[in-house]
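J.: First, the structure itself, so that you have it in front of you.
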Amino acid sequence: MSEQFSVYVPKLINKQEDFVHGHRACQGCGLALAVRLILKAAGKNTIVVSPTGCLEIISTPYPQSAWNLPWVHVAFENAAAVAGGIEGAFKALRAKNKKDNKKINIIAIGGDGGTSDIGLQALSGAFERGHDFLYVCLDNEAYMNTGIQRSSSTPFGASTTTSPSGAVSMGQITWKKNMAAIAAAHNIPYVATACPSYPFDLMEKVQTALKTQGPKYIHCLVQCPTGWGCATDLIIRLGSLAVETGIFPLYEVINGKYKLNMDFPKLRPVTDYLKFQSRFRHLKPADIAIIQKRVEQEWQALKQKVECFKKTGVK
Amino acid sequence: MKEKIIEIRWHGRGGQGVVTCAELLAKAAIAEGKYAQSAPSFGPERRGAPVAAFLRISNKPIYLRSQITHPDIVVVLDPTILTLPDVTAGIKKNAIFIANTNKLLEDVKYILGVNVNLGVIDATKIALEIIRRPITNTTMIGSFIRATNIVKIESVKQEIMTRFPTNYETNIKAMIRGYDELEMETDANRTVIKEKKDGKKAMPKLPKWRELTIGLTTKAGSAQAYKTGSWRSLVPVTDATKCIKCGICWVYCPDSARYQTPDGTYETNFDYCKGCGICARECPTHCITMQEEKE
Ligand SMILES: Cc1ncc(C[n+]2csc(CCOP(=O)(O)OP(=O)(O)O)c2C)c(N)n1
Ligand code: SF4
Ligand code: SF4
Ligand code: SF4
Ligand SMILES: [Mg+2]
């Protein structure tokens with residue numbers, strides 16, 4: 001994958017670093033990489049809102065800030081509400097002629113806990129009210145900041161400190177909540193999945209989203225060597241494996257229309273992805289077979305949605 | 001042991017087991033009828049970052065709950081952090097200082113720049129030989145017992161057996177070698193050094209959090225003042241002759257620690273590189289190799 005981008009890289013990507021080095025993320029943190037790329041894509045005139053989570057802790061150790069742009073830290077549960085409030089404030093200021101009409105990007109960036117668990121109602125409300133903002137969920141598949149507790153986004157079988165594997169438990173026993181589908185069910189104009197292993201795809205999606213009027217949602221899988229128990233240098237490969245095994249398909253839902261960004265004639269077996277992570281190490285072949293079956297079912301269901309829109313041509 | 005609280009500070013990197021050291025020794029001391037307390041340092045530390053753990057041992061109950069700022073004993077598990085000001089911060093005069101290093105005793109003394117009662121041990125070598133991984137915590141416990149005599153090696157053995165039911169044998173072996181091979185300064189061979197007067201502070205003086213008003217704006221991009229390069233144990237070394245100037249390493253670095261040199265090839269910014277190895281793994285021409293960081 002990476003090879004084909006080689007020649008374009010230095011020319012195409014914004015050189016400005018708005019998520020500066022000196023941030024305190026772990027070695028090889030996919031979350032830090034994703035933020036760096038998202039800000040490169042967003043460019044100037046961007047305001048970011050983040051709930052608590054790794055992102056807050058690694059980027060703003062008092063009294064420093066790794067953000068080179070306006071960044072607002074809010075509570076764990078209300079990032080989307082605050083982002084909506086910022087948009088409302090700009091509207092009000094413009095109505096009073098206290099602000100020009102220059103476009104300002106408002107991006108809320110939260111963790112999977114802050115998005116699919118505690119922040120879900122604020123997010124749903126902001127989508128429903130139709131605020132013009134982008135919400136990005138950086139999904140490292142657990143509450144990493146507080147020490148790897150499960151969230152509703154933790155995948156089936158993963159061992160966390162609150163879904164430990166052992167004699168009586170095989171790790172997480174529930175299936176990962178499908179946040180992208182939940183966002184799409186709000187009939188918002190743009191929903192996408194992404195992963196920093198595909199930096200151009202991620203940045204393009206951020207730019208498409210920011211050009212779209214209304215609420216937008218990007219669900220970004222971010223690799224966490226600390227919580228996943230994987231080698232720090234392997235994270236880019238792991239992201240690609242998540243996509244190539246069908247565990248984390250890359251797709252967009254544009255005005256309700258599904259579009260698959262990477263299709264494969266045949267999915268790689270899920271073990272190719274699972275075996276590099278200690279959180280899955282305890283899984284037995286029978287458990288892996290369950291995961292394999294589920295991944296294939298979901299992949300087929302996704303492809304059917306894509307096909308259906310191709311045929312009917314529904315806009 | 002006198003009727004006083006002995007305060008011990010442990011330094012290492014996240015993931016190396018400093019907290020385990022403090023815990024094992026606290027439990028061993030309690031098993032011997034003493035009072036003890038262990039705690040990790042609080043902070044946003046992440047894997048690879050320098051971290052500390054605290055241990056208090058006493059013959060009387062301990063009511064203090066604070067972090068240890070003026071230690072009687074300091075133990076450093078990782079050779080690459082000996083130069084950080086944190087390891088000697090607030091250290092008492094003639095405190096015991098035990099360092100994992102392959103350097104000579106007097107060289108370490110000059111690196112530290114403070115008059116401590118120094119002990120050195122090449123714990124990484126021992127750990128690699130016995131445990132086959134550079135996890136030095138149990139070796140350093142051995143050296144600690146030898147230098148301080150605060151707890152008995154037998155009681156720690158018990159704790160190690162409970163804590164590591166499957167691999168306690170190697171850990172106990174490592175502890176005993178740490179005990180046997182520690183090289184400690186004696187009154188006869190003590191190096192006395194002139195201490196620097198202008199002990200530079202790592203961070204500027206700032207208001208305490210209680211003094212803050214509600215809401216606060218910090219300076220944009222100010223995190224750059226903190227150099228994460230000290231977190232590194234492996235370092236990416238680039239062979240510029242093989243670099244095809246593609247910039248892949250730059251794109252994928254989570255710490256924006258690769259930059260383009262005037263001739264178009266890419267190099268590492270060692271002030272910030274954390275040594276994750278992504279650039280080396282993703283470089284299409286394999287011109288980056290990860291090498292062991294020199295002290
Ligand atoms: C209301 C509330 N409950 C709990 C917490 C403690 N807390 C802080 S961050 C966090 C977990 C964050 O998880 P996630 O959103 O997935 O972000 P990550 O750290 O994994 O990036 C928790 C539980 C809090 N700050 N506020
Ligand atoms: S715990 Fe995971 S997400 Fe958080 S900083 Fe470390 S690697 Fe990044
Ligand atoms: S090892 Fe490479 S990718 Fe990792 S921080 Fe250093 S320069 Fe960046
Ligand atoms: S990835 Fe390798 S070849 Fe490409 S710019 Fe970096 S060092 Fe050079
Ligand atoms: Mg999370």
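Quick note on naming: the chains in the structure tokens go A, B, ... in the order shown, residues restart at 1 in each chain, and ligands are numbered from 1 in order of appearance.
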Hey, what's within 12 Å of B:Gly275 if we count only C-alpha atoms and toss same-chain stuff fewer than 3 positions away? As a ChimeraX atom specification, please?
T.: /A:26-29,231-233 /B:47-49,228-237,253-258,268-272,278-281,288-293
J.: Filtering to N, CA and C atoms, could you give me those residues as a short mmCIF file (atom, residue, chain, number, x, y, z; two decimals), in the first residue's frame?
T.:
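Printed below is out-v5.cif as written:
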data_model
loop_
_atom_site.label_atom_id
_atom_site.label_comp_id
_atom_site.auth_asym_id
_atom_site.auth_seq_id
_atom_site.Cartn_x
_atom_site.Cartn_y
_atom_site.Cartn_z
N CYS A 26 2.51 7.44 24.12
CA CYS A 26 3.43 6.30 24.16
C CYS A 26 4.21 6.23 22.85
N GLN A 27 5.30 5.50 22.90
CA GLN A 27 6.03 5.22 21.67
C GLN A 27 5.10 4.50 20.71
N GLY A 28 5.08 4.93 19.46
CA GLY A 28 4.29 4.25 18.44
C GLY A 28 2.79 4.36 18.63
N CYS A 29 2.33 5.50 19.11
CA CYS A 29 0.88 5.68 19.36
C CYS A 29 0.15 6.05 18.07
N ALA A 231 3.91 -4.80 19.19
CA ALA A 231 5.18 -4.10 19.04
C ALA A 231 4.91 -2.70 18.49
N THR A 232 5.67 -1.72 18.97
CA THR A 232 5.41 -0.34 18.57
C THR A 232 5.66 -0.12 17.08
N ASP A 233 6.60 -0.84 16.51
CA ASP A 233 6.91 -0.57 15.10
C ASP A 233 5.91 -1.25 14.15
N ARG B 47 4.33 4.41 28.14
CA ARG B 47 5.37 3.40 27.97
C ARG B 47 6.63 4.03 27.37
N GLY B 48 7.77 3.76 27.96
CA GLY B 48 9.02 4.32 27.45
C GLY B 48 9.41 5.60 28.17
N ALA B 49 8.44 6.28 28.77
CA ALA B 49 8.75 7.54 29.45
C ALA B 49 9.42 7.25 30.78
N THR B 228 11.08 14.68 24.17
CA THR B 228 10.75 13.27 24.40
C THR B 228 11.86 12.32 23.97
N GLY B 229 12.95 12.89 23.41
CA GLY B 229 14.06 12.04 22.98
C GLY B 229 14.63 11.18 24.09
N SER B 230 14.46 11.63 25.35
CA SER B 230 15.02 10.87 26.47
C SER B 230 14.24 9.58 26.73
N TRP B 231 13.11 9.40 26.08
CA TRP B 231 12.32 8.19 26.29
C TRP B 231 12.89 7.00 25.53
N ARG B 232 13.80 7.30 24.61
CA ARG B 232 14.20 6.32 23.61
C ARG B 232 15.16 5.29 24.16
N SER B 233 14.98 4.02 23.79
CA SER B 233 16.04 3.06 24.09
C SER B 233 16.62 2.51 22.80
N LEU B 234 15.86 2.63 21.68
CA LEU B 234 16.41 2.28 20.37
C LEU B 234 16.41 3.56 19.53
N VAL B 235 17.37 3.67 18.64
CA VAL B 235 17.48 4.90 17.87
C VAL B 235 17.52 4.57 16.38
N PRO B 236 16.71 5.29 15.56
CA PRO B 236 16.74 5.03 14.13
C PRO B 236 17.97 5.68 13.47
N VAL B 237 18.76 4.88 12.79
CA VAL B 237 19.96 5.39 12.12
C VAL B 237 19.73 5.28 10.61
N CYS B 253 5.49 9.05 11.17
CA CYS B 253 6.05 9.23 12.52
C CYS B 253 5.03 9.91 13.43
N PRO B 254 4.60 9.26 14.50
CA PRO B 254 3.61 9.87 15.40
C PRO B 254 4.16 11.09 16.13
N ASP B 255 5.48 11.25 16.11
CA ASP B 255 6.09 12.35 16.85
C ASP B 255 6.72 13.40 15.94
N SER B 256 6.31 13.43 14.71
CA SER B 256 6.89 14.31 13.68
C SER B 256 8.39 14.49 13.92
N ALA B 257 9.07 13.37 14.07
CA ALA B 257 10.49 13.43 14.39
C ALA B 257 11.37 13.06 13.20
N ARG B 258 10.82 13.10 11.99
CA ARG B 258 11.65 12.94 10.80
C ARG B 258 11.55 14.25 10.03
N THR B 268 16.51 11.98 11.37
CA THR B 268 15.73 11.94 12.61
C THR B 268 16.00 13.18 13.46
N ASN B 269 14.97 13.71 14.06
CA ASN B 269 15.13 14.77 15.05
C ASN B 269 15.26 14.09 16.41
N PHE B 270 16.50 13.98 16.87
CA PHE B 270 16.76 13.17 18.07
C PHE B 270 16.22 13.80 19.35
N ASP B 271 15.89 15.07 19.28
CA ASP B 271 15.29 15.71 20.46
C ASP B 271 13.93 15.11 20.78
N TYR B 272 13.24 14.63 19.75
CA TYR B 272 11.85 14.20 19.97
C TYR B 272 11.59 12.74 19.65
N ILE B 278 8.73 2.75 13.84
CA ILE B 278 7.79 2.74 12.71
C ILE B 278 8.51 3.14 11.42
N CYS B 279 9.33 4.19 11.50
CA CYS B 279 10.00 4.67 10.29
C CYS B 279 10.85 3.56 9.68
N ALA B 280 11.58 2.84 10.54
CA ALA B 280 12.45 1.77 10.04
C ALA B 280 11.61 0.66 9.41
N ARG B 281 10.50 0.35 10.02
CA ARG B 281 9.63 -0.72 9.52
C ARG B 281 8.99 -0.34 8.19
N ILE B 288 16.66 2.66 7.06
CA ILE B 288 16.73 3.03 8.48
C ILE B 288 16.89 1.75 9.30
N THR B 289 17.84 1.74 10.24
CA THR B 289 17.95 0.59 11.14
C THR B 289 17.82 1.09 12.57
N MET B 290 17.19 0.27 13.41
CA MET B 290 17.04 0.63 14.81
C MET B 290 18.25 0.08 15.55
N GLN B 291 18.98 0.95 16.22
CA GLN B 291 20.17 0.52 16.95
C GLN B 291 20.02 0.89 18.42
N GLU B 292 20.78 0.18 19.24
CA GLU B 292 20.69 0.44 20.67
C GLU B 292 21.17 1.86 20.99
N GLU B 293 20.41 2.54 21.80
CA GLU B 293 20.76 3.90 22.20
C GLU B 293 21.99 3.86 23.11
#
J.: Using only C-alpha atoms, determine which residues lie at most 7 Å from stretch 196-198 of chain A, disregarding the query and same-chain residues fewer than 5 positions distant; provide the list as a PyMOL selection string.
T.: chain A and resi 30+33-34+222+236+239-240
J.: Export N, CA and C atoms of the chosen residues as a compact mmCIF listing (two decimals), in the first residue's frame?
T.:
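The result, written out as out.txt:
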# COMPACT_ATOMS: atom_id res chain seq x y z
N GLY A 30 -0.79 5.20 17.67
CA GLY A 30 -1.56 5.46 16.45
C GLY A 30 -2.52 6.63 16.61
N LEU A 33 -0.61 9.79 15.91
CA LEU A 33 -0.39 9.88 14.47
C LEU A 33 -1.66 10.35 13.77
N ALA A 34 -2.80 9.78 14.16
CA ALA A 34 -4.07 10.15 13.52
C ALA A 34 -4.35 11.64 13.71
N VAL A 222 -7.58 3.54 15.76
CA VAL A 222 -6.21 3.96 16.07
C VAL A 222 -5.51 2.89 16.91
N ILE A 236 1.52 0.27 11.92
CA ILE A 236 1.00 0.61 10.58
C ILE A 236 0.54 -0.68 9.89
N GLY A 239 -2.82 -1.88 11.30
CA GLY A 239 -3.97 -1.16 10.77
C GLY A 239 -4.36 -1.72 9.40
N SER A 240 -3.36 -1.97 8.57
CA SER A 240 -3.63 -2.54 7.25
C SER A 240 -4.25 -3.92 7.40
J.: List as a PyMOL selection string the protein and nucleic acid residues near A:Gly84, meaning an atom at most 6 Å away when only C-alpha atoms are counted, but skip any in the same chain fewer than 3 places from it.
T.: chain A and resi 81+87+131
J.: At a cut-off of 6 Å around ligand 1, and using only C-alpha atoms and all ligand atoms, what residues come up? Please write them as a list in words.
T.: Thr52, Gly53, Cys54, Leu55, Phe76, Gly111, Asp112, Gly113, Gly114, Asn140, Ala142, Tyr143, Met144, Asn145 and Thr146 of chain A
J.: Any chance you can output those residues with N, CA, C and O atoms as a CSV table (one decimal), in the first residue's frame?
T.:
chain,number,residue,atom,x,y,z
A,52,THR,N,-12.1,14.3,27.8
A,52,THR,CA,-10.9,13.6,28.4
A,52,THR,C,-10.6,12.3,27.8
A,52,THR,O,-11.4,11.8,27.1
A,53,GLY,N,-9.5,11.8,28.1
A,53,GLY,CA,-9.0,10.6,27.4
A,53,GLY,C,-7.5,10.7,27.1
A,53,GLY,O,-6.9,11.7,27.5
A,54,CYS,N,-6.9,9.7,26.5
A,54,CYS,CA,-5.5,9.8,26.2
A,54,CYS,C,-5.2,11.1,25.5
A,54,CYS,O,-4.2,11.7,25.9
A,55,LEU,N,-6.0,11.4,24.5
A,55,LEU,CA,-5.6,12.6,23.7
A,55,LEU,C,-5.4,13.9,24.6
A,55,LEU,O,-4.5,14.6,24.4
A,76,PHE,N,-15.9,14.5,29.9
A,76,PHE,CA,-15.9,13.2,29.2
A,76,PHE,C,-17.1,13.0,28.3
A,76,PHE,O,-17.0,12.4,27.3
A,111,GLY,N,-12.4,9.9,22.3
A,111,GLY,CA,-12.0,8.4,22.3
A,111,GLY,C,-13.3,7.6,22.1
A,111,GLY,O,-14.4,8.1,22.0
A,112,ASP,N,-13.1,6.3,22.0
A,112,ASP,CA,-14.2,5.4,21.9
A,112,ASP,C,-15.1,5.4,23.1
A,112,ASP,O,-16.4,5.3,23.0
A,113,GLY,N,-14.5,5.5,24.3
A,113,GLY,CA,-15.3,5.6,25.5
A,113,GLY,C,-16.2,6.9,25.5
A,113,GLY,O,-17.4,6.9,25.7
A,114,GLY,N,-15.5,8.0,25.1
A,114,GLY,CA,-16.1,9.3,25.1
A,114,GLY,C,-17.2,9.4,24.0
A,114,GLY,O,-18.0,10.4,24.0
A,140,ASN,N,-9.4,3.4,20.0
A,140,ASN,CA,-8.4,2.5,20.3
A,140,ASN,C,-8.9,1.3,21.1
A,140,ASN,O,-8.2,0.5,21.7
A,142,ALA,N,-10.7,0.7,23.8
A,142,ALA,CA,-10.9,0.5,25.3
A,142,ALA,C,-10.7,1.9,25.9
A,142,ALA,O,-10.3,2.9,25.2
A,143,TYR,N,-10.9,2.0,27.2
A,143,TYR,CA,-10.6,3.2,28.0
A,143,TYR,C,-9.1,3.1,28.3
A,143,TYR,O,-8.7,2.6,29.3
A,144,MET,N,-8.3,3.6,27.4
A,144,MET,CA,-6.8,3.4,27.6
A,144,MET,C,-6.2,4.4,28.6
A,144,MET,O,-5.4,4.0,29.4
A,145,ASN,N,-6.7,5.6,28.6
A,145,ASN,CA,-6.2,6.6,29.5
A,145,ASN,C,-6.2,6.2,31.0
A,145,ASN,O,-5.3,6.4,31.8
A,146,THR,N,-7.3,5.5,31.4
A,146,THR,CA,-7.4,5.1,32.8
A,146,THR,C,-6.9,3.7,33.0
A,146,THR,O,-7.1,3.1,34.1
J.: Using only C-alpha atoms and all ligand atoms, can you tell me which of A:Trp71, A:Tyr135, A:Tyr190, A:Trp228 comes closest to ligand 2?
T.: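 For ligand 2, the nearest of the given residues is A:Trp228.
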J.: Closest to chain B among A:Leu234, A:Val74, A:Ile109, A:Leu283, using only C-alpha atoms?
T.: A:Leu234
J.: As number ranges by chain, list the residues of stretch 83-270 of chain A assigned to strand (DSSP E) by DSSP on the backbone atoms of this structure.
T.: A: 105-111, 134-139, 190-194, 216-221, 251-254, 257-260
J.: For those residues, write N, CA and C atoms to a file as an mmCIF file, in the first residue's frame.
T.:
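That gives us part.cif:
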data_model
loop_
_atom_site.group_PDB
_atom_site.id
_atom_site.type_symbol
_atom_site.label_atom_id
_atom_site.label_comp_id
_atom_site.auth_asym_id
_atom_site.auth_seq_id
_atom_site.Cartn_x
_atom_site.Cartn_y
_atom_site.Cartn_z
ATOM 1 N N ASN A 105 -13.519 25.575 10.625
ATOM 2 C CA ASN A 105 -13.768 24.149 10.832
ATOM 3 C C ASN A 105 -13.894 23.865 12.320
ATOM 4 N N ILE A 106 -14.971 23.226 12.696
ATOM 5 C CA ILE A 106 -15.118 22.824 14.101
ATOM 6 C C ILE A 106 -15.049 21.302 14.149
ATOM 7 N N ILE A 107 -14.044 20.799 14.844
ATOM 8 C CA ILE A 107 -13.851 19.351 14.895
ATOM 9 C C ILE A 107 -13.846 18.901 16.355
ATOM 10 N N ALA A 108 -14.704 17.955 16.669
ATOM 11 C CA ALA A 108 -14.641 17.323 17.986
ATOM 12 C C ALA A 108 -13.900 16.003 17.811
ATOM 13 N N ILE A 109 -12.907 15.764 18.670
ATOM 14 C CA ILE A 109 -12.154 14.506 18.574
ATOM 15 C C ILE A 109 -12.229 13.807 19.926
ATOM 16 N N GLY A 110 -12.873 12.657 19.956
ATOM 17 C CA GLY A 110 -13.025 11.944 21.221
ATOM 18 C C GLY A 110 -12.571 10.495 21.112
ATOM 19 N N GLY A 111 -12.382 9.858 22.257
ATOM 20 C CA GLY A 111 -12.025 8.438 22.269
ATOM 21 C C GLY A 111 -13.262 7.573 22.084
ATOM 22 N N LEU A 134 -17.592 18.480 12.476
ATOM 23 C CA LEU A 134 -17.103 17.121 12.224
ATOM 24 C C LEU A 134 -16.783 16.463 13.559
ATOM 25 N N TYR A 135 -17.263 15.261 13.743
ATOM 26 C CA TYR A 135 -16.898 14.508 14.942
ATOM 27 C C TYR A 135 -15.998 13.349 14.510
ATOM 28 N N VAL A 136 -14.832 13.262 15.117
ATOM 29 C CA VAL A 136 -13.946 12.141 14.825
ATOM 30 C C VAL A 136 -13.812 11.293 16.082
ATOM 31 N N CYS A 137 -14.115 10.017 15.962
ATOM 32 C CA CYS A 137 -13.888 9.110 17.084
ATOM 33 C C CYS A 137 -12.563 8.398 16.847
ATOM 34 N N LEU A 138 -11.618 8.574 17.780
ATOM 35 C CA LEU A 138 -10.345 7.853 17.697
ATOM 36 C C LEU A 138 -10.503 6.591 18.531
ATOM 37 N N ASP A 139 -10.728 5.499 17.830
ATOM 38 C CA ASP A 139 -11.136 4.266 18.486
ATOM 39 C C ASP A 139 -9.933 3.358 18.751
ATOM 40 N N TYR A 190 -22.519 12.900 5.904
ATOM 41 C CA TYR A 190 -21.246 12.211 5.643
ATOM 42 C C TYR A 190 -20.793 11.384 6.839
ATOM 43 N N VAL A 191 -20.555 10.099 6.573
ATOM 44 C CA VAL A 191 -20.002 9.194 7.580
ATOM 45 C C VAL A 191 -18.887 8.413 6.903
ATOM 46 N N ALA A 192 -17.784 8.208 7.609
ATOM 47 C CA ALA A 192 -16.703 7.413 7.012
ATOM 48 C C ALA A 192 -15.946 6.666 8.094
ATOM 49 N N THR A 193 -15.275 5.590 7.685
ATOM 50 C CA THR A 193 -14.328 4.924 8.576
ATOM 51 C C THR A 193 -12.934 5.170 8.018
ATOM 52 N N ALA A 194 -11.934 5.183 8.895
ATOM 53 C CA ALA A 194 -10.575 5.477 8.448
ATOM 54 C C ALA A 194 -9.583 4.879 9.426
ATOM 55 N N LYS A 216 -20.974 15.711 10.443
ATOM 56 C CA LYS A 216 -20.183 14.673 9.782
ATOM 57 C C LYS A 216 -19.553 13.784 10.843
ATOM 58 N N TYR A 217 -19.327 12.537 10.508
ATOM 59 C CA TYR A 217 -18.737 11.619 11.486
ATOM 60 C C TYR A 217 -17.665 10.759 10.817
ATOM 61 N N ILE A 218 -16.488 10.695 11.427
ATOM 62 C CA ILE A 218 -15.443 9.785 10.946
ATOM 63 C C ILE A 218 -15.061 8.853 12.101
ATOM 64 N N HIS A 219 -15.153 7.567 11.849
ATOM 65 C CA HIS A 219 -14.766 6.596 12.866
ATOM 66 C C HIS A 219 -13.386 6.061 12.492
ATOM 67 N N CYS A 220 -12.388 6.425 13.305
ATOM 68 C CA CYS A 220 -11.002 6.130 12.933
ATOM 69 C C CYS A 220 -10.408 5.101 13.895
ATOM 70 N N LEU A 221 -10.041 3.966 13.375
ATOM 71 C CA LEU A 221 -9.384 2.951 14.203
ATOM 72 C C LEU A 221 -7.964 3.415 14.477
ATOM 73 N N TYR A 251 -14.960 2.459 4.554
ATOM 74 C CA TYR A 251 -16.068 2.840 3.682
ATOM 75 C C TYR A 251 -16.594 4.222 4.024
ATOM 76 N N GLU A 252 -17.414 4.747 3.130
ATOM 77 C CA GLU A 252 -18.054 6.037 3.359
ATOM 78 C C GLU A 252 -19.555 5.876 3.182
ATOM 79 N N VAL A 253 -20.308 6.683 3.880
ATOM 80 C CA VAL A 253 -21.751 6.755 3.642
ATOM 81 C C VAL A 253 -22.038 8.215 3.306
ATOM 82 N N ILE A 254 -22.203 8.472 1.997
ATOM 83 C CA ILE A 254 -22.377 9.849 1.544
ATOM 84 C C ILE A 254 -23.850 10.058 1.239
ATOM 85 N N LYS A 257 -25.639 6.939 0.978
ATOM 86 C CA LYS A 257 -25.189 5.984 -0.030
ATOM 87 C C LYS A 257 -23.853 5.358 0.395
ATOM 88 N N TYR A 258 -23.834 4.042 0.475
ATOM 89 C CA TYR A 258 -22.623 3.349 0.927
ATOM 90 C C TYR A 258 -21.609 3.202 -0.193
ATOM 91 N N LYS A 259 -20.348 3.444 0.136
ATOM 92 C CA LYS A 259 -19.283 3.289 -0.845
ATOM 93 C C LYS A 259 -18.104 2.602 -0.153
ATOM 94 N N LEU A 260 -17.685 1.458 -0.685
ATOM 95 C CA LEU A 260 -16.558 0.731 -0.109
ATOM 96 C C LEU A 260 -15.268 1.315 -0.681
#
J.: Write as an NGL selection string the residues around ligand 4, taking 10 Å as the cut-off and counting only C-alpha atoms and all ligand atoms.
T.: (:A and (2-3 or 6-7 or 9-10)) or (:B and (236-252 or 258-260 or 264-268 or 278-289))
J.: Show which residues sit within 9 Å of B:Asn115, as a ChimeraX atom specification. Count only C-alpha atoms, and ignore same-chain residues fewer than 3 positions away.
T.: /B:93-95,109,112,118,191-195
J.: Could the residues in this selection be written to a file with C-alpha atoms, as a PDB file, in the first residue's frame?
T.:
ATOM      1  CA  LYS B  93      23.546  14.219  51.252  1.00  0.00           C
ATOM      2  CA  ASN B  94      25.408  10.908  51.193  1.00  0.00           C
ATOM      3  CA  ALA B  95      22.283   9.027  50.266  1.00  0.00           C
ATOM      4  CA  LYS B 109      29.790   9.730  39.982  1.00  0.00           C
ATOM      5  CA  LEU B 112      25.513  12.361  38.540  1.00  0.00           C
ATOM      6  CA  LEU B 118      27.299   5.024  44.960  1.00  0.00           C
ATOM      7  CA  THR B 191      35.302   9.789  44.901  1.00  0.00           C
ATOM      8  CA  VAL B 192      34.390  13.240  46.182  1.00  0.00           C
ATOM      9  CA  ILE B 193      33.279  15.703  43.562  1.00  0.00           C
ATOM     10  CA  LYS B 194      32.678  19.406  43.594  1.00  0.00           C
ATOM     11  CA  GLU B 195      28.968  19.959  43.307  1.00  0.00           C
TER      12      GLU B 195
END
J.: Within 7 Å of stretch 52-55 of chain B, counting only C-alpha atoms, which residues show up once you throw out same-chain ones fewer than 5 positions away? Write them as JSON, numbers by chain, please.
T.: {"B": [7, 8, 9, 10, 11, 12, 18, 19, 22, 26, 37, 38, 39, 40, 41, 67, 68]}
J.: Pick from A:Glu307, A:Asp117, A:Asp287, A:Asp132: nearest to A:Lys176, with only C-alpha atoms counted?
T.: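 Comparing A:Glu307, A:Asp117, A:Asp287, A:Asp132 against A:Lys176, the winner is A:Asp117.
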J.: What's the 9 Å shell around A:Ile247, counting only C-alpha atoms, without same-chain residues fewer than 2 positions away, as number ranges by chain?
T.: A: 241-245, 249, 270, 273, 292, 295-296, 298-299
J.: If you keep C-alpha atoms, can you produce a file of those selected residues as a tab-separated table (two decimals), in the first residue's frame?
T.:
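Final output, result-v2.tsv:
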chain	number	residue	atom	x	y	z
A	241	LEU	CA	-4.29	-6.05	8.54
A	242	ALA	CA	-7.46	-4.87	10.30
A	243	VAL	CA	-8.66	-3.62	6.92
A	244	GLU	CA	-7.44	-6.57	4.84
A	245	THR	CA	-9.03	-9.13	7.16
A	249	PRO	CA	-13.56	-2.14	6.51
A	270	VAL	CA	-8.54	-12.85	11.00
A	273	TYR	CA	-4.42	-9.57	12.58
A	292	GLN	CA	-14.03	-15.22	11.53
A	295	VAL	CA	-16.45	-10.77	10.30
A	296	GLU	CA	-17.50	-12.49	7.08
A	298	GLU	CA	-20.66	-8.26	8.48
A	299	TRP	CA	-18.49	-7.90	5.41
J.: DSSP says helix (DSSP H, G or I) for which residues of stretch 73-194 of chain A? Put them as a PyMOL selection string?
T.: chain A and resi 79-95+112-117+120-129+179-184
J.: Those residues with C-alpha atoms, as a compact mmCIF listing (two decimals), in the first residue's frame please?
T.:
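Output below, filename again_32.txt:
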# COMPACT_ATOMS: atom_id res chain seq x y z
CA ALA A 79 -17.65 17.07 23.37
CA ALA A 80 -20.35 17.07 20.71
CA ALA A 81 -22.56 19.43 22.71
CA VAL A 82 -19.69 21.90 23.14
CA ALA A 83 -18.77 21.67 19.44
CA GLY A 84 -22.40 22.41 18.62
CA GLY A 85 -22.29 25.32 21.05
CA ILE A 86 -19.21 26.77 19.35
CA GLU A 87 -20.96 26.59 16.00
CA GLY A 88 -24.00 28.29 17.54
CA ALA A 89 -21.80 31.01 19.02
CA PHE A 90 -20.30 31.79 15.61
CA LYS A 91 -23.78 31.95 14.10
CA ALA A 92 -24.87 34.39 16.78
CA LEU A 93 -21.77 36.56 16.36
CA ARG A 94 -22.27 36.64 12.60
CA ALA A 95 -25.90 37.62 13.02
CA ASP A 112 -14.22 5.38 21.85
CA GLY A 113 -15.35 5.61 25.47
CA GLY A 114 -16.13 9.30 25.09
CA THR A 115 -18.03 8.57 21.88
CA SER A 116 -19.79 5.23 21.95
CA ASP A 117 -20.39 5.11 25.70
CA LEU A 120 -23.33 9.07 22.81
CA GLN A 121 -26.38 11.08 23.81
CA ALA A 122 -24.59 14.41 23.34
CA LEU A 123 -23.41 13.20 19.95
CA SER A 124 -26.83 11.97 18.89
CA GLY A 125 -28.35 15.29 19.93
CA ALA A 126 -25.81 17.32 17.99
CA PHE A 127 -26.35 15.18 14.88
CA GLU A 128 -30.08 15.52 15.17
CA ARG A 129 -29.94 19.29 15.59
CA MET A 179 -20.68 3.42 15.83
CA ALA A 180 -20.40 4.28 12.13
CA ALA A 181 -23.76 2.59 11.52
CA ILE A 182 -25.28 4.46 14.46
CA ALA A 183 -24.01 7.75 13.04
CA ALA A 184 -25.33 6.83 9.57
J.: Using only C-alpha atoms and all ligand atoms, which residue out of A:Asn178, A:Thr271, A:Asn97, A:Ser152 lies closest to ligand 5?
T.: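 Checking each candidate against ligand 5, we get A:Ser152 as the closest.
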J.: What gap, in Å, lies between atom CA of A:His73 and atom CA of B:Ala220?
T.: 13.6 Å
J.: With distances taken over only C-alpha atoms and all ligand atoms, which residue among B:Cys276, B:Ile131, B:Ile5, B:Ile160 lies nearest ligand 2?
T.: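 Distance minimum relative to ligand 2 lands on B:Cys276.
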